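Taking it in order: structure first as structure tokens, then the write-up.
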2 protein chains.
Amino acid sequence: MIGQSLFKALADPTRREILRILRAGSMPAGDIAEHFPMTKASLSHHFSLLKQAELVRTERRGQQIVYSLNTTVMQDAAGVLMELLDPPSTEVNHDAKNR
Amino acid sequence: MIGQSLFKALADPTRREILRILRAGSMPAGDIAEHFPMTKASLSHHFSLLKQAELVRTERRGQQIVYSLNTTVMQDAAGVLMELLDPPSTEVNHDAKNR
DNA sequence: ATTGTATTTAGATATTTCTCTAAATATCAT
DNA sequence: ATGATATTTAGAGAAATATCTAAATACAAT
């Protein structure tokens, strides 16, 4: 089930942070890894789940593997939800009218 | 962090199905439980996580505890995302849009 | 107060998930 | 081909999760 892998992918804070980082643009695995205090092997595992959920795509460039957001409807929806709840450090949403 | 409990709540298929069921309207715990092949104790655990994420509210009515969706911005976003990805298997209803 | 119904809590177990280290693979540069 | 760099895969251990049974709590009706 595709939905399941997406929700599972979104359930981990590290993976959500990866997605947030990728909003700034594509980035090789190693550069992404520098944002986190865990090993590259662990990050690779997270990349794998994000890919399985089709939230990111990869492209090889020389010896690096560049990750980028997969911009689709579901990706956007996930992004909206994420911003709503896990406020990004930089940008703020001002569309929270009802409630 | 509030976001974390929400994503965790959404990560489980049983809990997403509970939310889907509740779209049709409020329902006591026991009635919800009938939709699932697990014990009421297990369901209660799921209710607890949904409540923690503030995705549902409860109201006591006699000896029953009635669950209902907590309709907020994030709830709606979650609902949209959910329908996009995890099309409802057990059809519920069509008219629980506003309120 | 006792009994019955609805739900939750506690404790236990099996499975899954996250993280690590070590090894494997792929590419680049000599 | 050899060695260096970037990333992934494999295997293992610790922590979290889902589920169960049994017991506890809350209310209702006698």
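In the structure tokens, each chain is lettered A, B, ... as it comes, each chain's residues begin at 1, and ligands are numbered from 1 in order of appearance.
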Next item on the list: Please report as a PyMOL selection string which residues of chain A come no farther than 7 Å from chain D, using only C-alpha atoms (C1' of nucleotides).
Entry: chain A and resi 44+63-64
Check: What gap, in Å, lies between CA of Gln52 in chain A and CA of Ile18 in chain A?
Finding: 14.5 Å
Check: Near Asn70 in chain A, counting only C-alpha atoms (C1' of nucleotides), which residues have an atom at most 8 Å away, once you skip same-chain residues fewer than 4 positions from it, shown as a PyMOL selection string?
Finding: chain A and resi 54-57+75
Report as a PDB file with all heavy atoms, in the first residue's frame all protein, DNA and RNA residues lying within 7 Å of Met27 in chain B, evaluated on only C-alpha atoms (C1' of nucleotides), omitting residues in the same chain fewer than 2 positions from it.
```pdb
ATOM      1  N   LEU B  22     -14.723   7.845  11.767  1.00  0.00           N
ATOM      2  CA  LEU B  22     -15.304   8.951  12.521  1.00  0.00           C
ATOM      3  C   LEU B  22     -15.765  10.094  11.636  1.00  0.00           C
ATOM      4  O   LEU B  22     -16.498  10.977  12.079  1.00  0.00           O
ATOM      5  CB  LEU B  22     -14.314   9.463  13.568  1.00  0.00           C
ATOM      6  CG  LEU B  22     -14.138   8.540  14.783  1.00  0.00           C
ATOM      7  CD1 LEU B  22     -13.102   9.099  15.724  1.00  0.00           C
ATOM      8  CD2 LEU B  22     -15.472   8.347  15.496  1.00  0.00           C
ATOM      9  N   GLY B  25     -19.338  10.525  11.592  1.00  0.00           N
ATOM     10  CA  GLY B  25     -19.953  11.101  12.784  1.00  0.00           C
ATOM     11  C   GLY B  25     -19.407  10.475  14.050  1.00  0.00           C
ATOM     12  O   GLY B  25     -18.721   9.456  14.009  1.00  0.00           O
ATOM     13  N   ALA B  29     -16.790   4.168  21.689  1.00  0.00           N
ATOM     14  CA  ALA B  29     -15.625   3.300  21.532  1.00  0.00           C
ATOM     15  C   ALA B  29     -16.003   1.887  21.103  1.00  0.00           C
ATOM     16  O   ALA B  29     -15.389   1.324  20.190  1.00  0.00           O
ATOM     17  CB  ALA B  29     -14.833   3.261  22.839  1.00  0.00           C
ATOM     18  N   ASP B  31     -18.592   0.760  19.472  1.00  0.00           N
ATOM     19  CA  ASP B  31     -19.048   0.672  18.086  1.00  0.00           C
ATOM     20  C   ASP B  31     -17.876   0.741  17.130  1.00  0.00           C
ATOM     21  O   ASP B  31     -17.838   0.032  16.122  1.00  0.00           O
ATOM     22  CB  ASP B  31     -20.025   1.807  17.774  1.00  0.00           C
ATOM     23  CG  ASP B  31     -21.354   1.617  18.492  1.00  0.00           C
ATOM     24  OD1 ASP B  31     -21.424   0.752  19.393  1.00  0.00           O
ATOM     25  OD2 ASP B  31     -22.314   2.336  18.152  1.00  0.00           O
ATOM     26  N   ILE B  32     -16.946   1.607  17.437  1.00  0.00           N
ATOM     27  CA  ILE B  32     -15.762   1.696  16.581  1.00  0.00           C
ATOM     28  C   ILE B  32     -15.034   0.358  16.590  1.00  0.00           C
ATOM     29  O   ILE B  32     -14.614  -0.149  15.558  1.00  0.00           O
ATOM     30  CB  ILE B  32     -14.807   2.806  17.068  1.00  0.00           C
ATOM     31  CG1 ILE B  32     -15.513   4.159  17.019  1.00  0.00           C
ATOM     32  CG2 ILE B  32     -13.547   2.834  16.222  1.00  0.00           C
ATOM     33  CD1 ILE B  32     -14.710   5.292  17.639  1.00  0.00           C
ATOM     34  N   VAL B  66     -17.862   8.606  23.884  1.00  0.00           N
ATOM     35  CA  VAL B  66     -18.112   8.882  22.479  1.00  0.00           C
ATOM     36  C   VAL B  66     -16.925   9.630  21.892  1.00  0.00           C
ATOM     37  O   VAL B  66     -16.495  10.647  22.422  1.00  0.00           O
ATOM     38  CB  VAL B  66     -19.393   9.722  22.306  1.00  0.00           C
ATOM     39  CG1 VAL B  66     -19.600  10.062  20.845  1.00  0.00           C
ATOM     40  CG2 VAL B  66     -20.583   8.968  22.860  1.00  0.00           C
ATOM     41  N   TYR B  67     -16.429   9.090  20.797  1.00  0.00           N
ATOM     42  CA  TYR B  67     -15.298   9.711  20.122  1.00  0.00           C
ATOM     43  C   TYR B  67     -15.773  10.505  18.929  1.00  0.00           C
ATOM     44  O   TYR B  67     -16.699  10.095  18.224  1.00  0.00           O
ATOM     45  CB  TYR B  67     -14.318   8.635  19.652  1.00  0.00           C
ATOM     46  CG  TYR B  67     -13.440   8.131  20.764  1.00  0.00           C
ATOM     47  CD1 TYR B  67     -13.899   7.153  21.638  1.00  0.00           C
ATOM     48  CD2 TYR B  67     -12.180   8.664  20.965  1.00  0.00           C
ATOM     49  CE1 TYR B  67     -13.098   6.708  22.684  1.00  0.00           C
ATOM     50  CE2 TYR B  67     -11.378   8.221  22.005  1.00  0.00           C
ATOM     51  CZ  TYR B  67     -11.841   7.253  22.851  1.00  0.00           C
ATOM     52  OH  TYR B  67     -11.047   6.823  23.885  1.00  0.00           O
ATOM     53  N   SER B  68     -15.121  11.640  18.710  1.00  0.00           N
ATOM     54  CA  SER B  68     -15.414  12.397  17.499  1.00  0.00           C
ATOM     55  C   SER B  68     -14.134  13.027  16.983  1.00  0.00           C
ATOM     56  O   SER B  68     -13.170  13.216  17.726  1.00  0.00           O
ATOM     57  CB  SER B  68     -16.463  13.475  17.777  1.00  0.00           C
ATOM     58  OG  SER B  68     -16.120  14.191  18.934  1.00  0.00           O
TER      59      SER B  68
END
```
Next item on the list: Output as a VMD selection string all residues of range 9-39 of chain A that backbone DSSP marks as alpha helix (DSSP H).
Entry: chain A and resid 9 to 10 13 to 22 29 to 33
Margin query: I need the contact residues of chain C against chain A, so if you could list those with any atom within 9 Å, counting only C-alpha atoms (C1' of nucleotides), and return them as number ranges by chain, that would help.
Written below: C: 18-20, 26-28
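In this comparison, which uses only C-alpha atoms, the residue of A:Thr58, A:Ser5, A:Ala11, A:Pro28 approaching chain B most closely is A:Ala11.
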Check: Which is closest to chain A among B:Ser48, B:Gly30, B:Thr71, B:Ile65, if we use only C-alpha atoms?
Finding: B:Thr71
Note to self: To one decimal place in Å, what is the distance between CA of Phe36 in chain A and CA of Leu6 in chain B?
What the structure shows: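 Answer for the CA of Phe36 in chain A to CA of Leu6 in chain B separation: 22.5 Å.
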Notebook entry, point to check: In Å, how far is it from CA of Ala33 in chain B to C1' of DG4 in chain C?
Noted result: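 Between these atoms lies a distance of 19.7 Å.
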